[in-house]
$ cat start_12.cif   # mmCIF, C-alpha atoms
data_run
loop_
_atom_site.label_atom_id
_atom_site.label_comp_id
_atom_site.auth_asym_id
_atom_site.auth_seq_id
_atom_site.Cartn_x
_atom_site.Cartn_y
_atom_site.Cartn_z
CA GLN B 1 8.66 -10.62 -12.27
CA LYS B 2 7.81 -10.46 -8.57
CA GLU B 3 8.78 -13.44 -6.42
CA VAL B 4 5.22 -13.70 -5.11
CA GLU B 5 2.17 -12.72 -7.14
CA GLN B 6 -1.21 -12.05 -5.56
CA ASP B 7 -4.30 -10.51 -7.15
CA PRO B 8 -4.98 -7.22 -5.31
CA GLY B 9 -8.76 -7.42 -5.77
CA PRO B 10 -11.00 -6.11 -4.42
CA LEU B 11 -12.89 -9.36 -4.22
CA SER B 12 -16.54 -8.84 -3.27
CA VAL B 13 -18.69 -11.79 -2.18
CA PRO B 14 -22.07 -12.20 -0.45
CA GLU B 15 -22.19 -13.33 3.15
CA GLY B 16 -22.04 -17.13 3.42
CA ALA B 17 -20.03 -17.61 0.22
CA ILE B 18 -16.89 -19.70 -0.02
CA VAL B 19 -13.90 -17.47 -0.69
CA SER B 20 -10.78 -18.60 -2.50
CA LEU B 21 -7.61 -16.51 -2.21
CA ASN B 22 -4.46 -17.46 -4.09
CA CYS B 23 -0.79 -16.71 -4.52
CA THR B 24 1.76 -17.96 -7.00
CA TYR B 25 5.50 -17.83 -6.50
CA SER B 26 8.60 -18.33 -8.55
CA ASN B 27 11.23 -19.43 -6.02
CA SER B 28 11.03 -23.19 -5.49
CA ALA B 29 13.17 -22.86 -2.35
CA PHE B 30 10.28 -21.44 -0.33
CA GLN B 31 9.30 -24.00 2.30
CA TYR B 32 7.17 -22.14 4.85
CA PHE B 33 3.89 -20.55 3.85
CA MET B 34 1.69 -18.22 5.84
CA TRP B 35 -1.52 -16.30 5.48
CA TYR B 36 -2.03 -13.07 7.38
CA ARG B 37 -5.22 -11.04 7.73
CA GLN B 38 -4.90 -7.29 8.04
CA TYR B 39 -7.75 -5.01 8.94
CA SER B 40 -7.53 -1.39 7.86
CA ARG B 41 -4.91 0.54 9.83
CA LYS B 42 -3.98 -2.51 11.95
CA GLY B 43 -1.04 -4.90 12.02
CA PRO B 44 -1.15 -8.25 10.17
CA GLU B 45 -2.62 -11.13 12.17
CA LEU B 46 -1.34 -14.65 11.52
CA LEU B 47 -4.14 -16.93 10.28
CA MET B 48 -2.46 -20.04 8.93
CA TYR B 49 1.03 -21.50 8.82
CA THR B 50 2.02 -24.44 6.64
CA TYR B 51 5.27 -26.24 6.05
CA SER B 52 5.89 -27.66 2.56
CA SER B 53 2.99 -29.15 0.60
CA GLY B 54 -0.40 -30.21 1.88
CA ASN B 55 -3.57 -28.94 3.47
CA LYS B 56 -4.25 -27.45 6.86
CA GLU B 57 -7.65 -26.67 8.33
CA ASP B 58 -8.55 -24.37 11.22
CA GLY B 59 -12.24 -23.69 11.73
CA ARG B 60 -13.62 -21.97 8.64
CA PHE B 61 -10.16 -21.57 7.12
CA THR B 62 -8.27 -24.08 4.97
CA ALA B 63 -4.79 -23.48 3.60
CA GLN B 64 -3.44 -25.49 0.68
CA VAL B 65 0.09 -25.61 -0.68
CA ASP B 66 0.96 -27.15 -4.03
CA LYS B 67 4.72 -26.92 -4.36
CA SER B 68 4.79 -28.66 -7.73
CA SER B 69 2.69 -25.82 -9.16
CA LYS B 70 4.17 -23.13 -6.89
CA TYR B 71 0.66 -22.20 -5.85
CA ILE B 72 -0.94 -21.63 -2.46
CA SER B 73 -4.55 -21.03 -1.54
CA LEU B 74 -6.64 -19.93 1.41
CA PHE B 75 -10.29 -20.96 1.51
CA ILE B 76 -12.81 -19.29 3.79
CA ARG B 77 -16.09 -21.12 4.32
CA ASP B 78 -19.31 -19.41 5.36
CA SER B 79 -17.74 -15.98 4.93
CA GLN B 80 -18.84 -13.23 7.29
CA PRO B 81 -18.77 -9.43 6.99
CA SER B 82 -16.14 -9.52 9.75
CA ASP B 83 -13.86 -11.36 7.31
CA SER B 84 -13.64 -8.17 5.24
CA ALA B 85 -9.94 -7.32 5.31
CA THR B 86 -6.77 -7.57 3.26
CA TYR B 87 -5.26 -11.05 3.12
CA LEU B 88 -1.50 -11.29 2.68
CA CYS B 89 0.30 -14.46 1.73
CA ALA B 90 3.88 -14.74 2.95
CA MET B 91 6.60 -17.30 2.48
CA LYS B 92 10.02 -18.10 3.81
CA LEU B 93 13.10 -19.99 2.70
CA ASP B 94 14.31 -23.08 4.50
CA THR B 95 17.51 -21.36 5.61
CA GLY B 96 18.66 -19.21 8.47
CA ARG B 97 17.41 -16.06 6.75
CA ARG B 98 14.29 -15.00 8.60
CA ALA B 99 12.88 -12.48 6.16
CA LEU B 100 9.36 -13.10 4.90
CA THR B 101 8.47 -12.45 1.28
CA PHE B 102 4.95 -11.08 1.08
CA GLY B 103 2.41 -11.01 -1.69
CA SER B 104 0.84 -7.63 -2.37
CA GLY B 105 -2.38 -8.60 -0.55
CA THR B 106 -5.95 -9.23 -1.69
CA ARG B 107 -8.67 -6.94 -0.38
CA LEU B 108 -11.81 -8.95 0.46
CA GLN B 109 -15.24 -7.45 0.98
CA VAL B 110 -18.03 -9.67 2.33
CA GLN B 111 -21.40 -8.06 1.72
CA PRO B 112 -24.12 -8.66 4.35
CA ASP E 1 -0.36 -14.85 24.77
CA THR E 2 0.80 -13.86 21.29
CA GLU E 3 0.86 -10.14 21.82
CA VAL E 4 3.32 -7.63 20.51
CA THR E 5 2.67 -4.09 21.73
CA GLN E 6 3.78 -0.87 20.07
CA THR E 7 3.79 2.73 21.23
CA PRO E 8 2.77 5.29 20.25
CA LYS E 9 -0.18 4.34 18.04
CA HIS E 10 0.11 7.56 16.09
CA LEU E 11 2.97 10.01 15.70
CA VAL E 12 3.24 13.32 13.85
CA MET E 13 6.69 14.84 13.57
CA GLY E 14 8.49 17.55 11.71
CA MET E 15 11.53 16.91 9.56
CA THR E 16 13.87 18.30 12.24
CA ASN E 17 12.41 16.31 15.14
CA LYS E 18 13.88 13.31 16.92
CA LYS E 19 11.43 10.66 18.08
CA SER E 20 11.43 6.98 18.99
CA LEU E 21 9.08 4.09 18.35
CA LYS E 22 8.86 1.34 20.93
CA CYS E 23 7.98 -2.34 20.67
CA GLU E 24 7.61 -4.91 23.44
CA GLN E 25 6.89 -8.62 23.64
CA HIS E 26 6.84 -11.02 26.56
CA MET E 27 6.57 -14.30 24.67
CA GLY E 28 10.22 -15.21 25.13
CA HIS E 29 10.89 -14.57 21.44
CA ARG E 30 14.53 -14.01 20.54
CA ALA E 31 14.10 -12.47 17.08
CA MET E 32 12.51 -9.06 16.55
CA TYR E 33 11.81 -7.15 13.37
CA TRP E 34 10.95 -3.69 12.07
CA TYR E 35 8.83 -3.41 8.93
CA LYS E 36 7.59 -0.37 7.03
CA GLN E 37 4.23 -0.52 5.26
CA LYS E 38 2.90 2.07 2.85
CA ALA E 39 -0.80 2.23 2.00
CA LYS E 40 -2.07 -0.73 -0.06
CA LYS E 41 1.40 -2.29 -0.11
CA PRO E 42 2.80 -5.31 1.76
CA PRO E 43 5.18 -4.82 4.69
CA GLU E 44 8.82 -4.22 3.76
CA LEU E 45 11.51 -5.55 6.05
CA MET E 46 13.84 -2.92 7.55
CA PHE E 47 15.80 -4.60 10.35
CA VAL E 48 16.11 -7.94 12.09
CA TYR E 49 17.53 -8.50 15.56
CA SER E 50 18.47 -12.00 16.58
CA TYR E 51 19.39 -12.61 20.21
CA GLU E 52 19.71 -8.83 20.67
CA LYS E 53 22.19 -8.46 17.83
CA LEU E 54 21.42 -6.74 14.55
CA SER E 55 21.47 -9.47 11.92
CA ILE E 56 19.79 -7.85 8.92
CA ASN E 57 19.72 -4.23 7.78
CA GLU E 58 17.91 -3.95 4.47
CA SER E 59 19.88 -0.90 3.30
CA VAL E 60 17.77 1.41 5.40
CA PRO E 61 18.81 5.11 5.49
CA SER E 62 20.74 6.16 8.58
CA ARG E 63 17.94 8.47 9.68
CA PHE E 64 16.39 5.25 11.02
CA SER E 65 18.39 3.78 13.90
CA PRO E 66 17.27 0.55 15.60
CA GLU E 67 18.13 -0.47 19.12
CA CYS E 68 17.48 -3.65 21.07
CA PRO E 69 18.08 -2.92 24.79
CA ASN E 70 17.05 -6.43 25.86
CA SER E 71 15.29 -9.50 24.56
CA SER E 72 11.82 -8.03 25.15
CA LEU E 73 12.29 -4.52 23.79
CA LEU E 74 12.96 -3.04 20.40
CA ASN E 75 13.24 0.65 19.60
CA LEU E 76 13.41 2.57 16.36
CA HIS E 77 14.97 6.02 16.68
CA LEU E 78 13.94 8.55 14.06
CA HIS E 79 15.84 11.69 13.11
CA ALA E 80 15.57 14.12 10.20
CA LEU E 81 12.89 12.13 8.44
CA GLN E 82 11.38 13.03 5.08
CA PRO E 83 7.67 13.24 4.21
CA GLU E 84 8.02 10.06 2.13
CA ASP E 85 8.88 8.21 5.35
CA SER E 86 5.25 8.56 6.42
CA ALA E 87 3.93 5.02 6.78
CA LEU E 88 2.75 2.35 9.19
CA TYR E 89 5.75 0.99 11.11
CA LEU E 90 5.25 -2.57 12.24
CA CYS E 91 7.19 -4.53 14.82
CA ALA E 92 7.17 -8.33 14.77
CA SER E 93 8.76 -11.07 16.83
CA SER E 94 9.43 -14.77 16.45
CA LEU E 95 10.76 -17.56 18.60
CA GLY E 96 14.20 -17.58 17.01
CA GLY E 97 14.41 -20.86 15.14
CA ILE E 98 14.14 -21.37 11.39
CA GLN E 99 10.59 -22.73 11.60
CA GLU E 100 9.27 -19.87 13.67
CA THR E 101 6.33 -17.72 12.64
CA GLN E 102 6.32 -13.98 13.01
CA TYR E 103 3.73 -12.21 15.13
CA PHE E 104 3.04 -8.57 14.37
CA GLY E 105 2.15 -5.66 16.59
CA PRO E 106 -0.60 -3.17 15.70
CA GLY E 107 1.87 -0.68 14.28
CA THR E 108 2.67 2.99 14.72
CA ARG E 109 1.18 5.27 12.10
CA LEU E 110 3.78 7.94 11.38
CA LEU E 111 3.17 11.20 9.59
CA VAL E 112 6.15 13.38 8.72
CA LEU E 113 5.33 16.99 7.92
#

$ encode --input "start_12.cif" --output "C-alpha coordinates"
Amino acid sequence: QKEVEQDPGPLSVPEGAIVSLNCTYSNSAFQYFMWYRQYSRKGPELLMYTYSSGNKEDGRFTAQVDKSSKYISLFIRDSQPSDSATYLCAMKLDTGRRALTFGSGTRLQVQP
Amino acid sequence: DTEVTQTPKHLVMGMTNKKSLKCEQHMGHRAMYWYKQKAKKPPELMFVYSYEKLSINESVPSRFSPECPNSSLLNLHLHALQPEDSALYLCASSLGGIQETQYFGPGTRLLVL
(Lines of atoms letter the chains of each structure in order from A and count residues from 1; the text may use other names and numbers.)
(Lines give C-alpha, C1' and ligand atoms only; values in the text may rest on other atoms or scores of the structure.)
Protein backbone atom coordinates (compact mmCIF):
# COMPACT_ATOMS: atom_id res chain seq x y z
CA GLN A 1 0.00 0.00 0.00
CA LYS A 2 1.34 3.44 -0.92
CA GLU A 3 1.70 5.98 1.89
CA VAL A 4 -0.31 8.51 -0.12
CA GLU A 5 -3.05 7.56 -2.56
CA GLN A 6 -4.35 9.92 -5.22
CA ASP A 7 -6.62 9.16 -8.17
CA PRO A 8 -4.58 9.82 -11.35
CA GLY A 9 -7.62 10.89 -13.39
CA PRO A 10 -7.90 12.41 -15.88
CA LEU A 11 -10.71 14.44 -14.41
CA SER A 12 -12.59 16.41 -17.06
CA VAL A 13 -15.00 19.20 -16.06
CA PRO A 14 -16.73 22.08 -17.87
CA GLU A 15 -15.55 25.61 -17.30
CA GLY A 16 -17.13 27.14 -14.19
CA ALA A 17 -17.55 23.82 -12.37
CA ILE A 18 -16.43 23.19 -8.81
CA VAL A 19 -13.56 20.72 -8.77
CA SER A 20 -12.79 18.41 -5.88
CA LEU A 21 -9.37 16.75 -5.70
CA ASN A 22 -8.53 14.30 -2.92
CA CYS A 23 -5.76 12.32 -1.31
CA THR A 24 -5.80 9.68 1.39
CA TYR A 25 -2.81 8.68 3.46
CA SER A 26 -1.87 5.95 5.86
CA ASN A 27 0.76 7.55 8.11
CA SER A 28 -0.92 9.41 10.97
CA ALA A 29 2.36 11.19 11.73
CA PHE A 30 2.00 13.50 8.73
CA GLN A 31 1.40 17.02 10.00
CA TYR A 32 2.07 19.34 7.05
CA PHE A 33 -0.02 19.13 3.91
CA MET A 34 0.53 20.83 0.59
CA TRP A 35 -1.02 21.03 -2.83
CA TYR A 36 1.14 21.70 -5.87
CA ARG A 37 0.01 22.46 -9.41
CA GLN A 38 2.21 21.27 -12.25
CA TYR A 39 1.72 22.29 -15.84
CA SER A 40 3.07 20.00 -18.53
CA ARG A 41 6.87 20.03 -18.67
CA LYS A 42 7.14 22.59 -15.84
CA GLY A 43 8.13 22.41 -12.18
CA PRO A 44 5.51 22.06 -9.42
CA GLU A 45 4.07 25.34 -8.13
CA LEU A 46 2.97 25.56 -4.51
CA LEU A 47 -0.76 26.34 -4.24
CA MET A 48 -1.74 25.66 -0.66
CA TYR A 49 0.00 24.80 2.59
CA THR A 50 -1.82 23.60 5.71
CA TYR A 51 -0.67 22.53 9.11
CA SER A 52 -2.67 19.81 10.89
CA SER A 53 -6.46 19.72 10.51
CA GLY A 54 -8.75 22.45 9.25
CA ASN A 55 -9.59 24.55 6.23
CA LYS A 56 -7.63 27.18 4.38
CA GLU A 57 -8.95 29.42 1.63
CA ASP A 58 -7.03 31.41 -0.97
CA GLY A 59 -9.07 32.98 -3.75
CA ARG A 60 -10.79 30.22 -5.71
CA PHE A 61 -8.90 27.50 -3.85
CA THR A 62 -9.85 25.84 -0.57
CA ALA A 63 -7.76 23.17 1.12
CA GLN A 64 -9.25 20.87 3.75
CA VAL A 65 -7.47 18.45 6.05
CA ASP A 66 -9.29 15.79 8.05
CA LYS A 67 -6.66 14.04 10.12
CA SER A 68 -9.16 11.73 11.81
CA SER A 69 -10.02 10.27 8.40
CA LYS A 70 -6.51 10.73 6.95
CA TYR A 71 -8.04 12.59 4.04
CA ILE A 72 -7.19 15.88 2.38
CA SER A 73 -9.02 17.80 -0.31
CA LEU A 74 -8.49 20.71 -2.65
CA PHE A 75 -11.54 22.51 -4.00
CA ILE A 76 -11.38 24.81 -7.01
CA ARG A 77 -14.34 27.12 -7.53
CA ASP A 78 -15.29 28.60 -10.89
CA SER A 79 -12.73 26.44 -12.67
CA GLN A 80 -11.00 27.89 -15.71
CA PRO A 81 -9.28 26.27 -18.69
CA SER A 82 -6.03 27.69 -17.26
CA ASP A 83 -6.53 25.40 -14.25
CA SER A 84 -5.88 22.41 -16.52
CA ALA A 85 -2.79 20.80 -15.01
CA THR A 86 -1.69 17.96 -12.78
CA TYR A 87 -2.36 18.52 -9.08
CA LEU A 88 -0.01 16.84 -6.62
CA CYS A 89 -0.74 16.48 -2.94
CA ALA A 90 2.31 16.30 -0.68
CA MET A 91 2.79 15.80 3.01
CA LYS A 92 5.52 15.96 5.59
CA LEU A 93 6.25 14.54 9.01
CA ASP A 94 6.53 16.73 12.07
CA THR A 95 10.22 15.90 12.51
CA GLY A 96 13.52 17.16 11.25
CA ARG A 97 13.27 15.03 8.12
CA ARG A 98 12.49 17.40 5.28
CA ALA A 99 11.46 14.93 2.60
CA LEU A 100 8.01 15.37 1.10
CA THR A 101 5.85 12.36 0.33
CA PHE A 102 3.89 13.00 -2.84
CA GLY A 103 0.71 11.54 -4.20
CA SER A 104 0.87 10.33 -7.78
CA GLY A 105 -0.98 13.43 -9.05
CA THR A 106 -4.42 13.99 -10.59
CA ARG A 107 -4.59 15.32 -14.13
CA LEU A 108 -7.38 17.91 -14.44
CA GLN A 109 -8.84 19.10 -17.73
CA VAL A 110 -11.22 22.07 -17.70
CA GLN A 111 -13.17 22.22 -20.95
CA PRO A 112 -14.07 25.70 -22.29
CA ASP B 1 10.29 36.65 -4.76
CA THR B 2 9.83 32.88 -4.61
CA GLU B 3 11.93 31.99 -7.59
CA VAL B 4 14.24 29.06 -8.04
CA THR B 5 16.10 29.10 -11.35
CA GLN B 6 17.60 26.12 -13.15
CA THR B 7 19.93 25.83 -16.11
CA PRO B 8 19.93 24.47 -18.70
CA LYS B 9 16.25 24.00 -19.52
CA HIS B 10 17.02 21.06 -21.79
CA LEU B 11 20.05 18.80 -22.02
CA VAL B 12 20.90 15.95 -24.37
CA MET B 13 23.95 13.89 -23.52
CA GLY B 14 25.60 10.66 -24.49
CA MET B 15 26.38 7.92 -22.01
CA THR B 16 30.08 8.86 -21.93
CA ASN B 17 29.55 12.60 -21.42
CA LYS B 18 30.06 14.64 -18.28
CA LYS B 19 27.62 17.49 -17.70
CA SER B 20 26.30 19.58 -14.82
CA LEU B 21 22.91 20.93 -13.85
CA LYS B 22 22.74 24.20 -11.97
CA CYS B 23 20.20 25.60 -9.53
CA GLU B 24 20.10 29.02 -7.90
CA GLN B 25 17.90 30.78 -5.37
CA HIS B 26 18.19 34.16 -3.69
CA MET B 27 15.46 33.80 -1.08
CA GLY B 28 17.86 33.17 1.78
CA HIS B 29 16.78 29.53 1.94
CA ARG B 30 19.19 27.21 3.72
CA ALA B 31 17.88 23.86 2.50
CA MET B 32 18.10 22.77 -1.14
CA TYR B 33 16.93 19.62 -2.85
CA TRP B 34 17.31 17.60 -6.03
CA TYR B 35 14.34 15.58 -7.27
CA LYS B 36 13.95 13.33 -10.31
CA GLN B 37 10.59 13.11 -12.05
CA LYS B 38 9.66 10.62 -14.73
CA ALA B 39 6.66 11.20 -16.99
CA LYS B 40 3.29 10.94 -15.22
CA LYS B 41 4.99 10.18 -11.90
CA PRO B 42 5.48 12.34 -8.80
CA PRO B 43 8.90 13.80 -8.00
CA GLU B 44 11.32 11.44 -6.24
CA LEU B 45 13.77 12.88 -3.76
CA MET B 46 17.46 12.38 -4.60
CA PHE B 47 19.47 14.65 -2.29
CA VAL B 48 18.96 17.22 0.43
CA TYR B 49 21.47 19.87 1.46
CA SER B 50 20.97 21.63 4.75
CA TYR B 51 23.17 24.63 5.51
CA GLU B 52 25.45 23.57 2.64
CA LYS B 53 25.97 20.08 4.02
CA LEU B 54 24.58 16.94 2.44
CA SER B 55 21.98 15.63 4.85
CA ILE B 56 20.03 13.10 2.78
CA ASN B 57 21.15 10.86 -0.07
CA GLU B 58 18.31 8.59 -1.12
CA SER B 59 20.59 5.78 -2.31
CA VAL B 60 21.26 7.54 -5.57
CA PRO B 61 23.84 5.92 -7.93
CA SER B 62 27.29 7.49 -7.85
CA ARG B 63 26.95 8.64 -11.45
CA PHE B 64 24.98 11.51 -9.90
CA SER B 65 27.16 13.77 -7.75
CA PRO B 66 25.66 16.79 -5.95
CA GLU B 67 27.57 19.86 -4.89
CA CYS B 68 26.56 22.90 -2.87
CA PRO B 69 29.23 25.61 -3.38
CA ASN B 70 27.34 28.16 -1.26
CA SER B 71 23.95 28.78 0.26
CA SER B 72 22.47 30.05 -3.03
CA LEU B 73 23.81 27.47 -5.46
CA LEU B 74 23.28 23.78 -5.99
CA ASN B 75 24.86 21.68 -8.72
CA LEU B 76 24.26 18.15 -9.92
CA HIS B 77 27.20 16.62 -11.78
CA LEU B 78 26.35 13.86 -14.22
CA HIS B 79 28.75 11.23 -15.54
CA ALA B 80 28.24 7.97 -17.43
CA LEU B 81 24.48 8.15 -17.28
CA GLN B 82 22.13 5.51 -18.65
CA PRO B 83 19.14 6.06 -20.95
CA GLU B 84 16.80 5.27 -18.03
CA ASP B 85 18.16 8.37 -16.29
CA SER B 86 16.28 10.51 -18.81
CA ALA B 87 13.81 12.56 -16.78
CA LEU B 88 12.90 16.02 -15.52
CA TYR B 89 15.36 17.04 -12.80
CA LEU B 90 13.87 19.46 -10.32
CA CYS B 91 15.61 21.64 -7.80
CA ALA B 92 13.74 22.96 -4.77
CA SER B 93 14.61 25.12 -1.79
CA SER B 94 13.11 25.85 1.61
CA LEU B 95 13.80 28.19 4.48
CA GLY B 96 15.45 25.56 6.65
CA GLY B 97 13.07 25.05 9.54
CA ILE B 98 10.73 22.11 10.08
CA GLN B 99 7.65 24.08 9.05
CA GLU B 100 9.13 25.33 5.81
CA THR B 101 7.54 24.77 2.42
CA GLN B 102 9.52 23.77 -0.61
CA TYR B 103 9.60 25.91 -3.72
CA PHE B 104 10.48 24.23 -6.99
CA GLY B 105 12.36 25.43 -10.02
CA PRO B 106 11.15 24.80 -13.58
CA GLY B 107 13.39 21.79 -14.00
CA THR B 108 15.95 20.57 -16.50
CA ARG B 109 14.66 18.06 -19.01
CA LEU B 110 17.44 15.53 -19.56
CA LEU B 111 17.67 13.07 -22.40
CA VAL B 112 20.41 10.44 -22.31
CA LEU B 113 21.15 8.77 -25.63

$ resolve_selection --input "start_12.cif" --expression "the PyMOL selection byres ((chain E) within 7 of (chain B))" --output "list in words"
Lys41, Pro42, Leu90, Ile98, Tyr103, Phe104, Gly105, Pro106 and Gly107 of chain E

$ atom_distance --input "start_12.cif" --atom1 "atom CA of B:Ser52" --atom2 "atom CA of E:Arg30"
24.2 Å

$ closest_residue --input "start_12.cif" --among "E:Leu81, E:Thr16, E:Leu73, E:His29" --to "E:Pro61" --atoms "all atoms listed in the file"
E:Leu81

$ residues_around --input "start_12.cif" --residues "B:Phe61" --least-positions-apart "3" --cutoff "6 Å" --atoms "all atoms listed in the file" --output "number ranges by chain"
B: 57-58, 75-76

$ resolve_selection --input "start_12.cif" --expression "the PyMOL selection byres ((chain B and resi 2) around 10)" --output "list in words"
Gln1, Glu3, Val4, Glu5, Gln6, Thr24, Tyr25, Ser26, Asn27, Gly103 and Ser104 of chain B

$ residues_around --input "start_12.cif" --residues "E:Ser71" --least-positions-apart "5" --cutoff "10 Å" --atoms "all atoms listed in the file" --output "list in words"
Glu24, Gln25, His26, Met27, Gly28, His29, Arg30, Ala31, Met32, Tyr49, Ser50, Tyr51, Glu52 and Lys53 of chain E

$ atom_distance --input "start_12.cif" --atom1 "atom CA of E:Glu100" --atom2 "atom CA of E:Thr7"
24.5 Å

$ residues_around --input "start_12.cif" --residues "E:Pro83" --least-positions-apart "6" --cutoff "12 Å" --atoms "all atoms listed in the file" --output "list in words"
Val12, Met13, Gly14, Met15, Thr16, Leu110, Leu111, Val112 and Leu113 of chain E

$ closest_residue --input "start_12.cif" --among "E:Asn70, E:Asn17, E:Ser86, E:Asn75" --to "E:Phe47" --atoms "all atoms listed in the file"
E:Asn75

$ resolve_selection --input "start_12.cif" --expression "the PyMOL selection byres ((chain B and resi 109) around 9)" --output "NGL selection string"
:B and (10-14 or 81 or 83-86 or 107-108 or 110-111)

$ write_last_selection --input "start_12.cif" --atoms "C-alpha atoms" --output "PDB file, in the frame of the given file"
ATOM      1  CA  PRO B  10     -11.000  -6.110  -4.420  1.00  0.00           C
ATOM      2  CA  LEU B  11     -12.890  -9.360  -4.220  1.00  0.00           C
ATOM      3  CA  SER B  12     -16.540  -8.840  -3.270  1.00  0.00           C
ATOM      4  CA  VAL B  13     -18.690 -11.790  -2.180  1.00  0.00           C
ATOM      5  CA  PRO B  14     -22.070 -12.200  -0.450  1.00  0.00           C
ATOM      6  CA  PRO B  81     -18.770  -9.430   6.990  1.00  0.00           C
ATOM      7  CA  ASP B  83     -13.860 -11.360   7.310  1.00  0.00           C
ATOM      8  CA  SER B  84     -13.640  -8.170   5.240  1.00  0.00           C
ATOM      9  CA  ALA B  85      -9.940  -7.320   5.310  1.00  0.00           C
ATOM     10  CA  THR B  86      -6.770  -7.570   3.260  1.00  0.00           C
ATOM     11  CA  ARG B 107      -8.670  -6.940  -0.380  1.00  0.00           C
ATOM     12  CA  LEU B 108     -11.810  -8.950   0.460  1.00  0.00           C
ATOM     13  CA  VAL B 110     -18.030  -9.670   2.330  1.00  0.00           C
ATOM     14  CA  GLN B 111     -21.400  -8.060   1.720  1.00  0.00           C
TER      15      GLN B 111
END

$ atom_distance --input "start_12.cif" --atom1 "atom CA of E:Trp34" --atom2 "atom CA of E:Cys91"
4.7 Å

$ build_atoms --input "start_12.cif" --residues "stretch 1-35 of chain E" --atoms "N, CA and C atoms" --output "mmCIF file, keeping the file's coordinate frame"
data_model
loop_
_atom_site.group_PDB
_atom_site.id
_atom_site.type_symbol
_atom_site.label_atom_id
_atom_site.label_comp_id
_atom_site.auth_asym_id
_atom_site.auth_seq_id
_atom_site.Cartn_x
_atom_site.Cartn_y
_atom_site.Cartn_z
ATOM 1 N N ASP E 1 -0.287 -16.262 25.107
ATOM 2 C CA ASP E 1 -0.360 -14.850 24.770
ATOM 3 C C ASP E 1 0.573 -14.569 23.584
ATOM 4 N N THR E 2 -0.014 -14.146 22.476
ATOM 5 C CA THR E 2 0.800 -13.860 21.290
ATOM 6 C C THR E 2 0.738 -12.377 20.993
ATOM 7 N N GLU E 3 1.038 -11.570 22.001
ATOM 8 C CA GLU E 3 0.860 -10.140 21.820
ATOM 9 C C GLU E 3 2.188 -9.398 21.708
ATOM 10 N N VAL E 4 2.232 -8.582 20.684
ATOM 11 C CA VAL E 4 3.320 -7.630 20.510
ATOM 12 C C VAL E 4 2.696 -6.236 20.648
ATOM 13 N N THR E 5 3.233 -5.427 21.533
ATOM 14 C CA THR E 5 2.670 -4.090 21.730
ATOM 15 C C THR E 5 3.601 -3.037 21.151
ATOM 16 N N GLN E 6 3.009 -1.966 20.654
ATOM 17 C CA GLN E 6 3.780 -0.870 20.070
ATOM 18 C C GLN E 6 3.242 0.460 20.577
ATOM 19 N N THR E 7 4.161 1.363 20.862
ATOM 20 C CA THR E 7 3.790 2.730 21.230
ATOM 21 C C THR E 7 4.692 3.714 20.509
ATOM 22 N N PRO E 8 4.172 4.895 20.168
ATOM 23 C CA PRO E 8 2.770 5.290 20.250
ATOM 24 C C PRO E 8 1.959 4.675 19.112
ATOM 25 N N LYS E 9 0.651 4.823 19.147
ATOM 26 C CA LYS E 9 -0.180 4.340 18.040
ATOM 27 C C LYS E 9 -0.076 5.269 16.848
ATOM 28 N N HIS E 10 0.010 6.548 17.135
ATOM 29 C CA HIS E 10 0.110 7.560 16.090
ATOM 30 C C HIS E 10 1.233 8.530 16.462
ATOM 31 N N LEU E 11 1.907 9.046 15.453
ATOM 32 C CA LEU E 11 2.970 10.010 15.700
ATOM 33 C C LEU E 11 3.038 10.990 14.532
ATOM 34 N N VAL E 12 3.036 12.267 14.856
ATOM 35 C CA VAL E 12 3.240 13.320 13.850
ATOM 36 C C VAL E 12 4.519 14.034 14.217
ATOM 37 N N MET E 13 5.420 14.175 13.277
ATOM 38 C CA MET E 13 6.690 14.840 13.570
ATOM 39 C C MET E 13 7.139 15.672 12.391
ATOM 40 N N GLY E 14 7.887 16.706 12.724
ATOM 41 C CA GLY E 14 8.490 17.550 11.710
ATOM 42 C C GLY E 14 9.807 16.964 11.246
ATOM 43 N N MET E 15 10.319 17.477 10.162
ATOM 44 C CA MET E 15 11.530 16.910 9.560
ATOM 45 C C MET E 15 12.772 17.138 10.422
ATOM 46 N N THR E 16 12.703 18.056 11.383
ATOM 47 C CA THR E 16 13.870 18.300 12.240
ATOM 48 C C THR E 16 13.756 17.602 13.597
ATOM 49 N N ASN E 17 12.638 16.941 13.838
ATOM 50 C CA ASN E 17 12.410 16.310 15.140
ATOM 51 C C ASN E 17 13.209 15.026 15.303
ATOM 52 N N LYS E 18 13.383 14.645 16.575
ATOM 53 C CA LYS E 18 13.880 13.310 16.920
ATOM 54 C C LYS E 18 12.808 12.617 17.751
ATOM 55 N N LYS E 19 12.437 11.428 17.350
ATOM 56 C CA LYS E 19 11.430 10.660 18.080
ATOM 57 C C LYS E 19 11.847 9.200 18.087
ATOM 58 N N SER E 20 11.159 8.408 18.927
ATOM 59 C CA SER E 20 11.430 6.980 18.990
ATOM 60 C C SER E 20 10.137 6.184 18.993
ATOM 61 N N LEU E 21 10.171 5.059 18.305
ATOM 62 C CA LEU E 21 9.080 4.090 18.350
ATOM 63 C C LEU E 21 9.513 2.940 19.259
ATOM 64 N N LYS E 22 8.538 2.414 20.002
ATOM 65 C CA LYS E 22 8.860 1.340 20.930
ATOM 66 C C LYS E 22 8.035 0.101 20.636
ATOM 67 N N CYS E 23 8.635 -1.048 20.885
ATOM 68 C CA CYS E 23 7.980 -2.340 20.670
ATOM 69 C C CYS E 23 8.344 -3.237 21.840
ATOM 70 N N GLU E 24 7.373 -4.029 22.296
ATOM 71 C CA GLU E 24 7.610 -4.910 23.440
ATOM 72 C C GLU E 24 6.881 -6.226 23.243
ATOM 73 N N GLN E 25 7.537 -7.310 23.632
ATOM 74 C CA GLN E 25 6.890 -8.620 23.640
ATOM 75 C C GLN E 25 7.394 -9.404 24.844
ATOM 76 N N HIS E 26 6.490 -10.211 25.395
ATOM 77 C CA HIS E 26 6.840 -11.020 26.560
ATOM 78 C C HIS E 26 6.539 -12.480 26.290
ATOM 79 N N MET E 27 6.825 -12.906 25.055
ATOM 80 C CA MET E 27 6.570 -14.300 24.670
ATOM 81 C C MET E 27 7.856 -15.118 24.709
ATOM 82 N N GLY E 28 8.953 -14.496 25.120
ATOM 83 C CA GLY E 28 10.220 -15.210 25.130
ATOM 84 C C GLY E 28 10.842 -15.333 23.750
ATOM 85 N N HIS E 29 10.344 -14.535 22.797
ATOM 86 C CA HIS E 29 10.890 -14.570 21.440
ATOM 87 C C HIS E 29 12.275 -13.939 21.415
ATOM 88 N N ARG E 30 13.158 -14.509 20.596
ATOM 89 C CA ARG E 30 14.530 -14.010 20.540
ATOM 90 C C ARG E 30 14.862 -13.305 19.239
ATOM 91 N N ALA E 31 13.908 -13.224 18.325
ATOM 92 C CA ALA E 31 14.100 -12.470 17.080
ATOM 93 C C ALA E 31 13.032 -11.393 17.009
ATOM 94 N N MET E 32 13.442 -10.179 16.655
ATOM 95 C CA MET E 32 12.510 -9.060 16.550
ATOM 96 C C MET E 32 12.799 -8.292 15.269
ATOM 97 N N TYR E 33 11.747 -7.705 14.714
ATOM 98 C CA TYR E 33 11.810 -7.150 13.370
ATOM 99 C C TYR E 33 11.144 -5.772 13.323
ATOM 100 N N TRP E 34 11.659 -4.911 12.446
ATOM 101 C CA TRP E 34 10.950 -3.690 12.070
ATOM 102 C C TRP E 34 10.598 -3.794 10.591
ATOM 103 N N TYR E 35 9.327 -3.484 10.291
ATOM 104 C CA TYR E 35 8.830 -3.410 8.930
ATOM 105 C C TYR E 35 8.246 -2.024 8.694
#
